[in-house]
Structures are given as C-alpha cells and as structure tokens.
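Peer 1: Next comes the structure file query_7.pdb, holding PDB, C-alpha atoms.
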```
ATOM      1  CA  MET A 649      36.748  -2.291 -18.603
ATOM      2  CA  ARG A 650      35.112   0.645 -16.905
ATOM      3  CA  VAL A 651      37.199   3.629 -18.028
ATOM      4  CA  ALA A 652      38.115   4.154 -21.691
ATOM      5  CA  ILE A 653      41.138   6.320 -22.423
ATOM      6  CA  LEU A 654      41.009   7.550 -26.006
ATOM      7  CA  GLN A 655      44.169   7.324 -28.089
ATOM      8  CA  PHE A 656      44.666   9.590 -31.087
ATOM      9  CA  PRO A 657      47.809   9.767 -33.224
ATOM     10  CA  GLY A 658      49.926  12.149 -31.146
ATOM     11  CA  SER A 659      48.263  11.515 -27.764
ATOM     12  CA  ASN A 660      51.037  11.214 -25.194
ATOM     13  CA  CYS A 661      49.321  11.220 -21.790
ATOM     14  CA  ASP A 662      47.273   8.104 -22.501
ATOM     15  CA  TRP A 663      49.629   5.721 -20.661
ATOM     16  CA  ASP A 664      49.924   8.123 -17.701
ATOM     17  CA  SER A 665      46.132   8.314 -17.490
ATOM     18  CA  GLU A 666      45.800   4.548 -17.653
ATOM     19  CA  HIS A 667      48.443   4.168 -14.935
ATOM     20  CA  ALA A 668      46.701   6.700 -12.674
ATOM     21  CA  ILE A 669      43.242   5.151 -13.077
ATOM     22  CA  ARG A 670      44.142   1.461 -13.175
ATOM     23  CA  ASP A 671      47.325   1.069 -11.139
ATOM     24  CA  VAL A 672      46.870   3.849  -8.588
ATOM     25  CA  LEU A 673      43.101   4.115  -8.168
ATOM     26  CA  GLY A 674      42.470   0.459  -8.951
ATOM     27  CA  VAL A 675      39.675   1.068 -11.470
ATOM     28  CA  SER A 676      39.672  -1.034 -14.625
ATOM     29  CA  ALA A 677      40.892   1.106 -17.546
ATOM     30  CA  HIS A 678      42.060   0.561 -21.117
ATOM     31  CA  ARG A 679      43.290   2.650 -23.992
ATOM     32  CA  VAL A 680      40.946   2.742 -27.001
ATOM     33  CA  TRP A 681      42.221   3.656 -30.487
ATOM     34  CA  HIS A 682      40.436   6.575 -32.150
ATOM     35  CA  LYS A 683      39.254   4.413 -35.066
ATOM     36  CA  ALA A 684      37.659   1.813 -32.778
ATOM     37  CA  ARG A 685      34.149   1.848 -31.325
ATOM     38  CA  LEU A 686      33.669   2.896 -27.728
ATOM     39  CA  PRO A 687      33.154  -0.397 -25.812
ATOM     40  CA  SER A 688      29.533  -0.771 -24.687
ATOM     41  CA  GLU A 689      30.519  -1.411 -21.059
ATOM     42  CA  THR A 690      32.308   1.972 -20.811
ATOM     43  CA  GLU A 691      31.309   3.947 -17.718
ATOM     44  CA  ALA A 692      33.698   6.893 -18.068
ATOM     45  CA  VAL A 693      35.955   8.301 -20.776
ATOM     46  CA  ILE A 694      39.210  10.209 -20.465
ATOM     47  CA  VAL A 695      40.365  12.240 -23.460
ATOM     48  CA  PRO A 696      44.058  12.526 -22.623
ATOM     49  CA  GLY A 697      46.670  15.168 -23.312
ATOM     50  CA  GLY A 698      49.219  15.292 -26.087
ATOM     51  CA  PHE A 699      49.367  16.734 -29.573
ATOM     52  CA  SER A 700      46.630  14.895 -31.434
ATOM     53  CA  PHE A 701      47.276  15.035 -35.185
ATOM     54  CA  GLY A 702      50.270  17.286 -34.522
ATOM     55  CA  ASP A 703      47.986  20.120 -33.390
ATOM     56  CA  TYR A 704      47.605  20.873 -37.117
ATOM     57  CA  LEU A 705      45.092  23.573 -38.101
ATOM     58  CA  ARG A 706      44.073  24.174 -34.441
ATOM     59  CA  CYS A 707      44.635  22.097 -31.307
ATOM     60  CA  GLY A 708      41.980  19.379 -31.288
ATOM     61  CA  ALA A 709      40.467  20.427 -34.635
ATOM     62  CA  ILE A 710      41.312  17.224 -36.517
ATOM     63  CA  ALA A 711      40.725  14.797 -33.626
ATOM     64  CA  ARG A 712      37.174  16.064 -33.504
ATOM     65  CA  PHE A 713      36.505  14.203 -36.766
ATOM     66  CA  SER A 714      37.942  10.865 -35.623
ATOM     67  CA  PRO A 715      35.435   7.973 -35.848
ATOM     68  CA  ILE A 716      35.308   7.464 -32.059
ATOM     69  CA  MET A 717      34.055  11.024 -31.531
ATOM     70  CA  HIS A 718      30.625   9.987 -32.808
ATOM     71  CA  ASP A 719      30.377   7.392 -30.027
ATOM     72  CA  LEU A 720      31.807   9.857 -27.510
ATOM     73  CA  LYS A 721      29.132  12.433 -28.334
ATOM     74  CA  GLU A 722      26.369   9.839 -27.937
ATOM     75  CA  PHE A 723      27.945   8.648 -24.687
ATOM     76  CA  ALA A 724      28.057  12.222 -23.345
ATOM     77  CA  GLU A 725      24.482  12.913 -24.468
ATOM     78  CA  ARG A 726      23.344   9.847 -22.512
ATOM     79  CA  GLY A 727      24.971  11.370 -19.415
ATOM     80  CA  GLY A 728      28.255   9.416 -19.572
ATOM     81  CA  GLN A 729      31.168  10.810 -17.599
ATOM     82  CA  VAL A 730      33.844  12.470 -19.768
ATOM     83  CA  LEU A 731      37.069  14.189 -18.687
ATOM     84  CA  GLY A 732      39.324  16.009 -21.147
ATOM     85  CA  ILE A 733      42.816  16.855 -19.940
ATOM     86  CA  CYS A 734      44.961  19.454 -21.739
ATOM     87  CA  ASN A 735      44.731  18.462 -25.433
ATOM     88  CA  GLY A 736      41.658  16.453 -24.401
ATOM     89  CA  PHE A 737      40.087  19.685 -23.108
ATOM     90  CA  GLN A 738      40.912  21.353 -26.436
ATOM     91  CA  ILE A 739      39.284  18.438 -28.306
ATOM     92  CA  LEU A 740      36.107  18.671 -26.176
ATOM     93  CA  CYS A 741      35.862  22.425 -26.867
ATOM     94  CA  GLU A 742      36.450  21.937 -30.612
ATOM     95  CA  SER A 743      33.768  19.244 -30.725
ATOM     96  CA  GLY A 744      31.239  21.419 -28.909
ATOM     97  CA  LEU A 745      30.984  19.132 -25.861
ATOM     98  CA  LEU A 746      32.305  22.035 -23.783
ATOM     99  CA  PRO A 747      31.864  25.750 -24.463
ATOM    100  CA  GLY A 748      34.699  28.129 -25.343
ATOM    101  CA  ALA A 749      38.060  27.651 -27.056
ATOM    102  CA  LEU A 750      41.743  27.556 -26.147
ATOM    103  CA  ILE A 751      44.172  29.817 -27.964
ATOM    104  CA  ARG A 752      47.903  30.587 -27.785
ATOM    105  CA  ASN A 753      49.194  31.543 -24.323
ATOM    106  CA  ASP A 754      49.357  35.334 -24.039
ATOM    107  CA  CYS A 755      53.077  35.100 -23.179
ATOM    108  CA  LEU A 756      53.624  33.004 -26.355
ATOM    109  CA  ASP A 757      55.772  30.626 -24.250
ATOM    110  CA  PHE A 758      55.044  26.954 -23.698
ATOM    111  CA  ARG A 759      54.280  26.915 -19.968
ATOM    112  CA  CYS A 760      55.587  23.840 -18.141
ATOM    113  CA  LEU A 761      55.456  24.123 -14.348
ATOM    114  CA  ASN A 762      53.724  23.001 -11.176
ATOM    115  CA  GLN A 763      50.834  25.424 -11.021
ATOM    116  CA  ASN A 764      48.969  26.694  -7.978
ATOM    117  CA  LEU A 765      45.217  26.557  -8.493
ATOM    118  CA  THR A 766      42.170  27.757  -6.583
ATOM    119  CA  VAL A 767      39.247  25.362  -6.339
ATOM    120  CA  GLU A 768      35.730  26.659  -6.980
ATOM    121  CA  ASN A 769      32.552  25.271  -5.461
ATOM    122  CA  SER A 770      31.138  23.954  -8.718
ATOM    123  CA  ASN A 771      28.968  20.953  -7.829
ATOM    124  CA  GLU A 772      28.642  18.155  -5.293
ATOM    125  CA  ARG A 773      31.764  16.427  -6.667
ATOM    126  CA  PHE A 774      34.069  19.313  -7.533
ATOM    127  CA  ASN A 775      34.229  21.688  -4.598
ATOM    128  CA  GLN A 776      36.471  22.903  -1.800
ATOM    129  CA  ASN A 777      35.356  20.100   0.531
ATOM    130  CA  THR A 778      36.193  17.285  -1.865
ATOM    131  CA  LEU A 779      39.336  18.817  -3.400
ATOM    132  CA  GLY A 780      40.534  21.292  -0.792
ATOM    133  CA  GLY A 781      40.668  25.047  -1.273
ATOM    134  CA  SER A 782      43.801  24.955  -3.402
ATOM    135  CA  LEU A 783      45.726  22.455  -5.508
ATOM    136  CA  VAL A 784      49.116  22.181  -7.146
ATOM    137  CA  LEU A 785      49.033  20.395 -10.495
ATOM    138  CA  PRO A 786      51.487  20.225 -13.389
ATOM    139  CA  ILE A 787      50.645  22.247 -16.479
ATOM    140  CA  ALA A 788      52.380  21.831 -19.846
ATOM    141  CA  HIS A 789      50.850  23.683 -22.772
ATOM    142  CA  GLY A 790      51.331  26.347 -25.413
ATOM    143  CA  GLU A 791      47.635  26.859 -26.117
ATOM    144  CA  GLY A 792      45.834  27.007 -22.785
ATOM    145  CA  ASN A 793      44.460  30.514 -22.995
ATOM    146  CA  PHE A 794      40.731  29.940 -22.421
ATOM    147  CA  ARG A 795      38.392  32.203 -24.402
ATOM    148  CA  ALA A 796      34.621  32.482 -24.568
ATOM    149  CA  ASP A 797      32.348  35.336 -25.572
ATOM    150  CA  GLU A 798      30.718  37.497 -22.910
ATOM    151  CA  SER A 799      27.418  35.627 -22.783
ATOM    152  CA  VAL A 800      29.053  32.182 -22.572
ATOM    153  CA  LEU A 801      31.439  33.450 -19.917
ATOM    154  CA  SER A 802      28.701  34.909 -17.766
ATOM    155  CA  SER A 803      26.624  31.737 -18.022
ATOM    156  CA  LEU A 804      29.678  29.650 -17.011
ATOM    157  CA  GLU A 805      30.129  31.869 -13.965
ATOM    158  CA  GLU A 806      26.432  32.085 -13.063
ATOM    159  CA  ASN A 807      25.957  28.316 -13.287
ATOM    160  CA  GLN A 808      29.141  27.655 -11.296
ATOM    161  CA  GLN A 809      30.642  25.678 -14.161
ATOM    162  CA  VAL A 810      34.185  26.849 -13.411
ATOM    163  CA  LEU A 811      36.038  24.051 -11.575
ATOM    164  CA  ILE A 812      39.463  25.564 -10.970
ATOM    165  CA  ARG A 813      41.293  28.844 -11.614
ATOM    166  CA  TYR A 814      44.985  29.631 -11.964
ATOM    167  CA  ASP A 815      46.745  31.622  -9.302
ATOM    168  CA  GLY A 816      48.789  34.226 -11.173
ATOM    169  CA  ASN A 817      47.307  33.354 -14.585
ATOM    170  CA  PRO A 818      50.167  31.708 -16.571
ATOM    171  CA  ASN A 819      48.523  31.898 -19.995
ATOM    172  CA  GLY A 820      46.077  34.819 -20.074
ATOM    173  CA  SER A 821      42.848  32.801 -19.733
ATOM    174  CA  VAL A 822      39.723  34.901 -19.173
ATOM    175  CA  ASN A 823      38.821  34.952 -15.477
ATOM    176  CA  ALA A 824      41.960  32.781 -14.962
ATOM    177  CA  ILE A 825      39.872  29.714 -15.918
ATOM    178  CA  ALA A 826      41.834  26.441 -15.788
ATOM    179  CA  GLY A 827      38.960  23.966 -15.893
ATOM    180  CA  ILE A 828      35.210  23.880 -16.548
ATOM    181  CA  ARG A 829      32.293  21.478 -16.756
ATOM    182  CA  ASN A 830      29.194  21.403 -18.956
ATOM    183  CA  SER A 831      25.873  22.523 -17.502
ATOM    184  CA  ALA A 832      24.645  18.925 -17.077
ATOM    185  CA  GLY A 833      27.711  18.135 -14.947
ATOM    186  CA  ASN A 834      28.948  15.052 -16.801
ATOM    187  CA  VAL A 835      31.571  16.558 -19.146
ATOM    188  CA  TYR A 836      34.699  18.037 -17.580
ATOM    189  CA  GLY A 837      37.745  19.719 -19.087
ATOM    190  CA  MET A 838      40.934  21.126 -17.631
ATOM    191  CA  MET A 839      44.380  22.211 -18.792
ATOM    192  CA  PRO A 840      46.273  20.967 -15.666
ATOM    193  CA  HIS A 841      47.326  17.295 -15.547
ATOM    194  CA  PRO A 842      45.855  15.397 -12.559
ATOM    195  CA  GLU A 843      47.250  12.100 -13.950
ATOM    196  CA  ARG A 844      50.780  13.472 -13.469
ATOM    197  CA  ALA A 845      50.248  14.061  -9.750
ATOM    198  CA  VAL A 846      49.293  10.675  -8.315
ATOM    199  CA  CYS A 847      52.544   8.934  -7.274
ATOM    200  CA  SER A 848      55.242   9.525  -4.708
ATOM    201  CA  HIS A 849      57.741  10.216  -7.506
ATOM    202  CA  HIS A 850      55.429  12.861  -9.012
ATOM    203  CA  PRO A 851      55.763  16.506  -7.872
ATOM    204  CA  CYS A 852      52.654  16.161  -5.677
ATOM    205  CA  LEU A 853      49.573  14.007  -5.124
ATOM    206  CA  ASP A 854      46.882  16.585  -5.814
ATOM    207  CA  GLY A 855      45.731  14.720  -8.898
ATOM    208  CA  LEU A 856      44.211  12.005  -6.710
ATOM    209  CA  PRO A 857      41.245  13.978  -5.322
ATOM    210  CA  VAL A 858      40.576  15.408  -8.801
ATOM    211  CA  LEU A 859      40.451  11.981 -10.467
ATOM    212  CA  LYS A 860      38.445  10.553  -7.575
ATOM    213  CA  ALA A 861      35.923  13.406  -7.878
ATOM    214  CA  PHE A 862      35.596  12.646 -11.592
ATOM    215  CA  LEU A 863      35.191   8.896 -10.991
ATOM    216  CA  GLU A 864      32.894   9.357  -8.017
ATOM    217  CA  PRO A 865      29.782   8.007  -9.838
ATOM    218  CA  LEU A 866      31.763   4.794 -10.539
ATOM    219  CA  LEU A 867      33.361   4.551  -7.146
ATOM    220  CA  GLY A 868      30.173   5.208  -5.219
ATOM    221  CA  SER A 869      30.653   4.957  -1.511
ATOM    222  CA  ILE A 870      33.263   2.207  -1.749
ATOM    223  CA  PRO A 871      36.437   3.584  -0.199
ATOM    224  CA  VAL A 872      39.294   3.622  -2.673
ATOM    225  CA  GLU A 873      42.509   2.085  -1.553
ATOM    226  CA  VAL A 874      45.082   4.372  -3.052
ATOM    227  CA  ASN A 875      48.387   2.862  -4.062
ATOM    228  CA  SER A 876      50.570   5.915  -4.565
ATOM    229  CA  GLY A 877      53.875   3.998  -4.484
TER
ATOM    230  CA  MET B1430      37.878  26.244 -59.223
ATOM    231  CA  LYS B1431      40.649  27.368 -56.939
ATOM    232  CA  VAL B1432      39.624  28.418 -53.436
ATOM    233  CA  THR B1433      41.655  30.518 -51.012
ATOM    234  CA  VAL B1434      40.309  30.663 -47.452
ATOM    235  CA  PHE B1435      41.537  33.397 -45.119
ATOM    236  CA  VAL B1436      41.130  32.669 -41.411
ATOM    237  CA  SER B1437      41.810  35.413 -38.881
ATOM    238  CA  PRO B1438      41.346  35.811 -35.130
ATOM    239  CA  LYS B1439      38.056  37.565 -34.296
ATOM    240  CA  ILE B1440      38.574  41.236 -33.576
ATOM    241  CA  THR B1441      37.155  40.721 -30.075
ATOM    242  CA  VAL B1442      39.660  37.928 -29.334
ATOM    243  CA  LEU B1443      43.134  38.658 -28.070
ATOM    244  CA  ASP B1444      45.814  37.736 -30.643
ATOM    245  CA  PRO B1445      49.098  37.117 -28.771
ATOM    246  CA  GLN B1446      50.962  36.338 -32.007
ATOM    247  CA  GLY B1447      49.712  39.536 -33.631
ATOM    248  CA  ALA B1448      50.770  41.557 -30.578
ATOM    249  CA  ALA B1449      54.280  40.027 -30.655
ATOM    250  CA  VAL B1450      54.660  40.647 -34.396
ATOM    251  CA  GLU B1451      53.444  44.233 -33.940
ATOM    252  CA  GLN B1452      56.079  44.757 -31.254
ATOM    253  CA  ALA B1453      58.770  43.405 -33.586
ATOM    254  CA  MET B1454      57.586  45.700 -36.402
ATOM    255  CA  LYS B1455      57.763  48.693 -34.106
ATOM    256  CA  SER B1456      61.261  47.780 -32.934
ATOM    257  CA  LEU B1457      62.264  47.578 -36.603
ATOM    258  CA  GLY B1458      61.281  51.243 -36.938
ATOM    259  CA  TYR B1459      57.716  50.837 -38.211
ATOM    260  CA  GLU B1460      56.357  52.753 -35.246
ATOM    261  CA  SER B1461      53.067  53.776 -36.864
ATOM    262  CA  VAL B1462      51.969  50.138 -37.347
ATOM    263  CA  GLU B1463      48.832  49.210 -35.417
ATOM    264  CA  GLY B1464      46.288  46.392 -35.194
ATOM    265  CA  VAL B1465      48.481  43.502 -36.395
ATOM    266  CA  ARG B1466      46.561  40.216 -36.584
ATOM    267  CA  VAL B1467      48.118  36.899 -37.570
ATOM    268  CA  GLY B1468      45.869  34.449 -39.378
ATOM    269  CA  LYS B1469      46.285  31.691 -41.921
ATOM    270  CA  THR B1470      45.420  30.977 -45.534
ATOM    271  CA  ILE B1471      44.297  27.613 -46.828
ATOM    272  CA  THR B1472      44.229  26.977 -50.569
ATOM    273  CA  PHE B1473      42.691  24.094 -52.429
ATOM    274  CA  GLU B1474      41.137  22.990 -55.709
ATOM    275  CA  MET B1475      37.489  21.977 -55.799
ATOM    276  CA  GLU B1476      35.218  20.717 -58.541
ATOM    277  CA  GLY B1477      32.452  23.065 -59.670
ATOM    278  CA  SER B1478      32.170  26.778 -60.217
ATOM    279  CA  ASP B1479      31.293  29.844 -58.167
ATOM    280  CA  SER B1480      27.591  29.347 -57.418
ATOM    281  CA  PRO B1481      25.247  29.700 -54.426
ATOM    282  CA  ASP B1482      25.479  25.927 -54.026
ATOM    283  CA  SER B1483      29.305  25.883 -53.881
ATOM    284  CA  ARG B1484      29.312  28.874 -51.539
ATOM    285  CA  GLU B1485      26.927  27.079 -49.217
ATOM    286  CA  LYS B1486      29.265  24.068 -49.187
ATOM    287  CA  LEU B1487      32.285  26.297 -48.594
ATOM    288  CA  ASP B1488      30.565  28.154 -45.745
ATOM    289  CA  LYS B1489      29.849  24.826 -44.090
ATOM    290  CA  LEU B1490      33.443  23.651 -44.571
ATOM    291  CA  CYS B1491      34.904  26.896 -43.219
ATOM    292  CA  ASP B1492      32.536  26.988 -40.275
ATOM    293  CA  GLY B1493      32.871  23.314 -39.410
ATOM    294  CA  LEU B1494      36.587  22.648 -39.872
ATOM    295  CA  LEU B1495      38.800  25.365 -41.308
ATOM    296  CA  SER B1496      37.876  27.969 -38.680
ATOM    297  CA  ASN B1497      36.550  27.851 -35.139
ATOM    298  CA  PRO B1498      33.624  30.294 -34.954
ATOM    299  CA  VAL B1499      34.278  30.886 -31.246
ATOM    300  CA  ILE B1500      37.615  32.587 -31.920
ATOM    301  CA  GLU B1501      38.009  33.074 -35.681
ATOM    302  CA  ASP B1502      36.427  34.738 -38.701
ATOM    303  CA  PHE B1503      36.841  33.530 -42.280
ATOM    304  CA  ARG B1504      36.399  34.753 -45.808
ATOM    305  CA  TYR B1505      37.290  33.129 -49.095
ATOM    306  CA  GLU B1506      38.087  33.959 -52.693
ATOM    307  CA  ILE B1507      37.179  31.774 -55.651
ATOM    308  CA  GLU B1508      39.212  31.712 -58.869
ATOM    309  CA  GLU B1509      37.470  30.062 -61.794
ATOM    310  CA  GLY B1510      39.279  27.784 -64.192
TER
END
```
Rewrite the structure of this file - the entire thing - as structure tokens.
Peer 2:
Amino acid sequence: MRVAILQFPGSNCDWDSEHAIRDVLGVSAHRVWHKARLPSETEAVIVPGGFSFGDYLRCGAIARFSPIMHDLKEFAERGGQVLGICNGFQILCESGLLPGALIRNDCLDFRCLNQNLTVENSNERFNQNTLGGSLVLPIAHGEGNFRADESVLSSLEENQQVLIRYDGNPNGSVNAIAGIRNSAGNVYGMMPHPERAVCSHHPCLDGLPVLKAFLEPLLGSIPVEVNSG
Amino acid sequence: MKVTVFVSPKITVLDPQGAAVEQAMKSLGYESVEGVRVGKTITFEMEGSDSPDSREKLDKLCDGLLSNPVIEDFRYEIEEG
C-alpha cells in the first residue's frame, strides 16, 4: 500500500479518492481508519472530503484530535506527501499543517458546481505546464472561504504557495485562493475535488493532472497508464 | 465551577453570518443596528476554582480546541460553586 486515504466518521470522499488513485491511476491505495496507525510503508496520504465529526464546533476541529493525526504530523514533518481535499483541507489548516483557515462562504450558500480555476506557477509539480493554464473541477462546500492574516497572506503569495485560484470567486476567499501548499512543498490543500474529475462519467477529467502532480514523487518518470473508463 | 466560553469571529475577519443577520434586523425596522457578529457560547462544569492555574488551563483549552486563533477570539466567565 503506497497511498493511505484517511477515514474519519463523516468522511464521504474516501471511496472516490481510493477509486481515483487505485483504479484510475493504478497506484496502490487503501483507506485507513482514524483510530489506526499510519502504515509504515505509506508514501503519500490523502485527507479526503466530507463532514468529519459532523463539522461540529468548526470544520475539521475535532478530526484534528483523532489518533492518526499524530502519525500524520510526523509523516509530514519527515517530508511525506500529504493532500487535503475540501474537508481534508480544513483539517490540515485546523491542525496547523497548512496556514490559514476556512470560514463560511460569503454568500452563505452551499456552493456545488463545476468551477473554473486558474493555475498558478507554484513549484516544479504544480504549474501551468503540468496542469495547464486553467482547470474545471467540482466544488461542493459551505465553508470554503479561505482566510489568513496579512502577513501569512503575503508570505503565501511571495513564496508562490498558491496552487489554484477561483475564477469569479464563489465563496469570498481572500485573493480567490482555492488551493495552497506549505513552504516545504510536501503538504497540499484545496477545496475543489480532483477525485471527482477522473472518469468519463465525471463532468471532466481535470482531476487527473492534479492527482498526478501530487503523486509525482511516487510515480517518478514511469508513464502512468490512465484508465478513465 | 461553571465555565461559559464566548467565541466570536475576530473583528478583522469577515463574518458572513453576522452580515446576513444584520440585514435581517434592518429589514425588520432596526435600521440603526450596526456591527452584528455571530459567535457561539460553550458551557461546561470543571473541577477546581477560579485561580491562575485554572485560567491557564482554560486559556490552553480555548486556544487549542474551542476557538481557532486564526479567525476567532474568545473570552470566558467563571461561576464558582
């Protein structure tokens, strides 16, 4: 098992993530319960979307204290690859693995649509060459309004830690930020759902380059045979 | 002792709920209302009494779980007995 997909009570994108990684990209992946230990052979972790612990108190606030988060923090500190999607992004922000926080959408509506996004040149894996200049990815969230104080925001921008931005800002995020990475470049978080855009019956296939960029250290130069059927 | 924690969005952070509630108050005729912020209260019982030691513990609890310092402020009241 190379990719661990964390499962909290209330996670609901765990199976989609497993399907995208294992069945479509052909990389060994398994779901790991939040009370279990992170398997020692883990090479990458996905913190999937959903409503962990019912979003009680704040989105991601309770999941942060799940037993597996201790292992996840150690894994990230050792340089392990971590991707948080939607609620997973909220959990990574709450646990301090990514800067900032996600609050209620400024429109107060739950936004569920295929969202146009602009790709930023962030690093050698996430840039306009690897992902294309723009993407369409599904979003589905009520609390995706990214917030950070002035100094954090300017350091995110200066260090090119912004991965993608919304076109026409659907939730009021500062600088239309839809996804970021940490300064070391091994922890990634985004509100859009790449795992819901990998099959012919999905709205589009733009999740594939995003997931491949994330898994690039595992995939190396071996060409990935994509089964998008 | 009985503890009541008040968590509110930081003044520098946009509060979409507060803005919506303010709009509703104005449409109800309360036109002079301004600066509405929606927060939450959390109440619980805890062993011990109001002391620097308990306040240190409470600060840690509020900072670490009950509020997110990036977006929220907190204060609490302690009722003895």
Peer 1: Could you tell me, as a VMD selection string, exactly which residues end up selected when the ChimeraX specification (/A :<8) & /B is applied to this structure?
Peer 2: chain B and resid 1442 1444 to 1446 1494 to 1495 1497 1499 to 1500
Peer 1: Can you tell me, as a PyMOL selection string, what residues are no more than 6 Å from Val1432 of chain B when counting all atoms listed in the file, ignoring any on the same chain fewer than 3 positions away?
Peer 2: chain B and resi 1472-1473+1506-1507
Peer 1: Can you give me, as JSON, numbers by chain, the residues this file yields under the PyMOL selection byres ((chain B and resi 1505) around 10)?
Peer 2: {"B": [1432, 1433, 1434, 1435, 1436, 1470, 1471, 1472, 1484, 1487, 1488, 1491, 1503, 1504, 1506, 1507]}
Peer 1: Given the file shown, determine the residues that the PyMOL selection byres ((chain A and resi 770-780) around 8) selects; report them as a ChimeraX atom specification.
Peer 2: /A:767-769,781-783,808-811,833,857-858,861-862,864
Peer 1: Ranking A:Gly790, A:Gly837, A:Pro851, A:Pro696 by minimum distance to Ile812 of chain A and counting only C-alpha atoms, which one comes first?
Peer 2: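 Result for the nearest residue to Ile812 of chain A: A:Gly837.
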Peer 1: Kindly give the distance, in Å, that separates atom CA of Ala668 of chain A and atom CA of Arg844 of chain A, rounded to a single decimal.
Peer 2: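 Here the two named atoms are 7.9 Å from each other.
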Peer 1: Distance atom CA of Asp664 of chain A-atom CA of Glu843 of chain A, one decimal place?
Peer 2: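 Atom-to-atom, atom CA of Asp664 of chain A to atom CA of Glu843 of chain A, that is 6.1 Å.
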Peer 1: Between atom CA of Tyr704 of chain A and atom CA of Ala1453 of chain B, what is the spacing in Å?
Peer 2: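 According to the coordinates, atom CA of Ala1453 of chain B and atom CA of Tyr704 of chain A are separated by 25.4 Å.
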Peer 1: Around (39.1, 23.7, -56.3), as given in the file, which residues come within 8 Å? Count all atoms listed in the file and list them as a PyMOL selection string.
Peer 2: chain B and resi 1430-1432+1473-1477
Peer 1: With C-alpha atoms retained, write the just-selected residues as a PDB file, keeping the file's coordinate frame.
Peer 2:
```pdb
ATOM      1  CA  MET B1430      37.878  26.244 -59.223  1.00  0.00           C
ATOM      2  CA  LYS B1431      40.649  27.368 -56.939  1.00  0.00           C
ATOM      3  CA  VAL B1432      39.624  28.418 -53.436  1.00  0.00           C
ATOM      4  CA  PHE B1473      42.691  24.094 -52.429  1.00  0.00           C
ATOM      5  CA  GLU B1474      41.137  22.990 -55.709  1.00  0.00           C
ATOM      6  CA  MET B1475      37.489  21.977 -55.799  1.00  0.00           C
ATOM      7  CA  GLU B1476      35.218  20.717 -58.541  1.00  0.00           C
ATOM      8  CA  GLY B1477      32.452  23.065 -59.670  1.00  0.00           C
TER       9      GLY B1477
END
```
Peer 1: Output segment 801-819 of chain A with N, CA and C atoms present, as a PDB file, keeping the file's coordinate frame.
Peer 2:
```
ATOM      1  N   LEU A 801      30.660  33.279 -21.140  1.00  0.00           N
ATOM      2  CA  LEU A 801      31.439  33.450 -19.917  1.00  0.00           C
ATOM      3  C   LEU A 801      30.526  33.726 -18.720  1.00  0.00           C
ATOM      4  N   SER A 802      29.556  34.621 -18.921  1.00  0.00           N
ATOM      5  CA  SER A 802      28.701  34.909 -17.766  1.00  0.00           C
ATOM      6  C   SER A 802      27.814  33.716 -17.407  1.00  0.00           C
ATOM      7  N   SER A 803      27.427  32.907 -18.401  1.00  0.00           N
ATOM      8  CA  SER A 803      26.624  31.737 -18.022  1.00  0.00           C
ATOM      9  C   SER A 803      27.498  30.697 -17.317  1.00  0.00           C
ATOM     10  N   LEU A 804      28.763  30.571 -17.724  1.00  0.00           N
ATOM     11  CA  LEU A 804      29.678  29.650 -17.011  1.00  0.00           C
ATOM     12  C   LEU A 804      29.815  30.057 -15.550  1.00  0.00           C
ATOM     13  N   GLU A 805      29.946  31.378 -15.336  1.00  0.00           N
ATOM     14  CA  GLU A 805      30.129  31.869 -13.965  1.00  0.00           C
ATOM     15  C   GLU A 805      28.835  31.737 -13.164  1.00  0.00           C
ATOM     16  N   GLU A 806      27.720  32.137 -13.779  1.00  0.00           N
ATOM     17  CA  GLU A 806      26.432  32.085 -13.063  1.00  0.00           C
ATOM     18  C   GLU A 806      26.040  30.670 -12.668  1.00  0.00           C
ATOM     19  N   ASN A 807      26.328  29.716 -13.573  1.00  0.00           N
ATOM     20  CA  ASN A 807      25.957  28.316 -13.287  1.00  0.00           C
ATOM     21  C   ASN A 807      27.031  27.558 -12.520  1.00  0.00           C
ATOM     22  N   GLN A 808      28.039  28.272 -12.070  1.00  0.00           N
ATOM     23  CA  GLN A 808      29.141  27.655 -11.296  1.00  0.00           C
ATOM     24  C   GLN A 808      29.792  26.503 -12.042  1.00  0.00           C
ATOM     25  N   GLN A 809      30.020  26.722 -13.345  1.00  0.00           N
ATOM     26  CA  GLN A 809      30.642  25.678 -14.161  1.00  0.00           C
ATOM     27  C   GLN A 809      32.166  25.757 -14.164  1.00  0.00           C
ATOM     28  N   VAL A 810      32.723  26.773 -13.498  1.00  0.00           N
ATOM     29  CA  VAL A 810      34.185  26.849 -13.411  1.00  0.00           C
ATOM     30  C   VAL A 810      34.632  25.930 -12.268  1.00  0.00           C
ATOM     31  N   LEU A 811      35.559  25.015 -12.577  1.00  0.00           N
ATOM     32  CA  LEU A 811      36.038  24.051 -11.575  1.00  0.00           C
ATOM     33  C   LEU A 811      37.242  24.594 -10.815  1.00  0.00           C
ATOM     34  N   ILE A 812      38.220  25.068 -11.575  1.00  0.00           N
ATOM     35  CA  ILE A 812      39.463  25.564 -10.970  1.00  0.00           C
ATOM     36  C   ILE A 812      39.961  26.787 -11.739  1.00  0.00           C
ATOM     37  N   ARG A 813      40.677  27.659 -10.994  1.00  0.00           N
ATOM     38  CA  ARG A 813      41.293  28.844 -11.614  1.00  0.00           C
ATOM     39  C   ARG A 813      42.784  28.857 -11.295  1.00  0.00           C
ATOM     40  N   TYR A 814      43.553  29.465 -12.199  1.00  0.00           N
ATOM     41  CA  TYR A 814      44.985  29.631 -11.964  1.00  0.00           C
ATOM     42  C   TYR A 814      45.214  30.725 -10.940  1.00  0.00           C
ATOM     43  N   ASP A 815      46.223  30.512 -10.090  1.00  0.00           N
ATOM     44  CA  ASP A 815      46.745  31.622  -9.302  1.00  0.00           C
ATOM     45  C   ASP A 815      47.825  32.259 -10.173  1.00  0.00           C
ATOM     46  N   GLY A 816      47.758  33.554 -10.382  1.00  0.00           N
ATOM     47  CA  GLY A 816      48.789  34.226 -11.173  1.00  0.00           C
ATOM     48  C   GLY A 816      48.772  33.847 -12.648  1.00  0.00           C
ATOM     49  N   ASN A 817      47.576  33.594 -13.148  1.00  0.00           N
ATOM     50  CA  ASN A 817      47.307  33.354 -14.585  1.00  0.00           C
ATOM     51  C   ASN A 817      48.518  33.179 -15.522  1.00  0.00           C
ATOM     52  N   PRO A 818      48.950  31.938 -15.772  1.00  0.00           N
ATOM     53  CA  PRO A 818      50.167  31.708 -16.571  1.00  0.00           C
ATOM     54  C   PRO A 818      49.976  31.833 -18.081  1.00  0.00           C
ATOM     55  N   ASN A 819      48.729  31.937 -18.539  1.00  0.00           N
ATOM     56  CA  ASN A 819      48.523  31.898 -19.995  1.00  0.00           C
ATOM     57  C   ASN A 819      47.530  32.940 -20.518  1.00  0.00           C
TER      58      ASN A 819
END
```
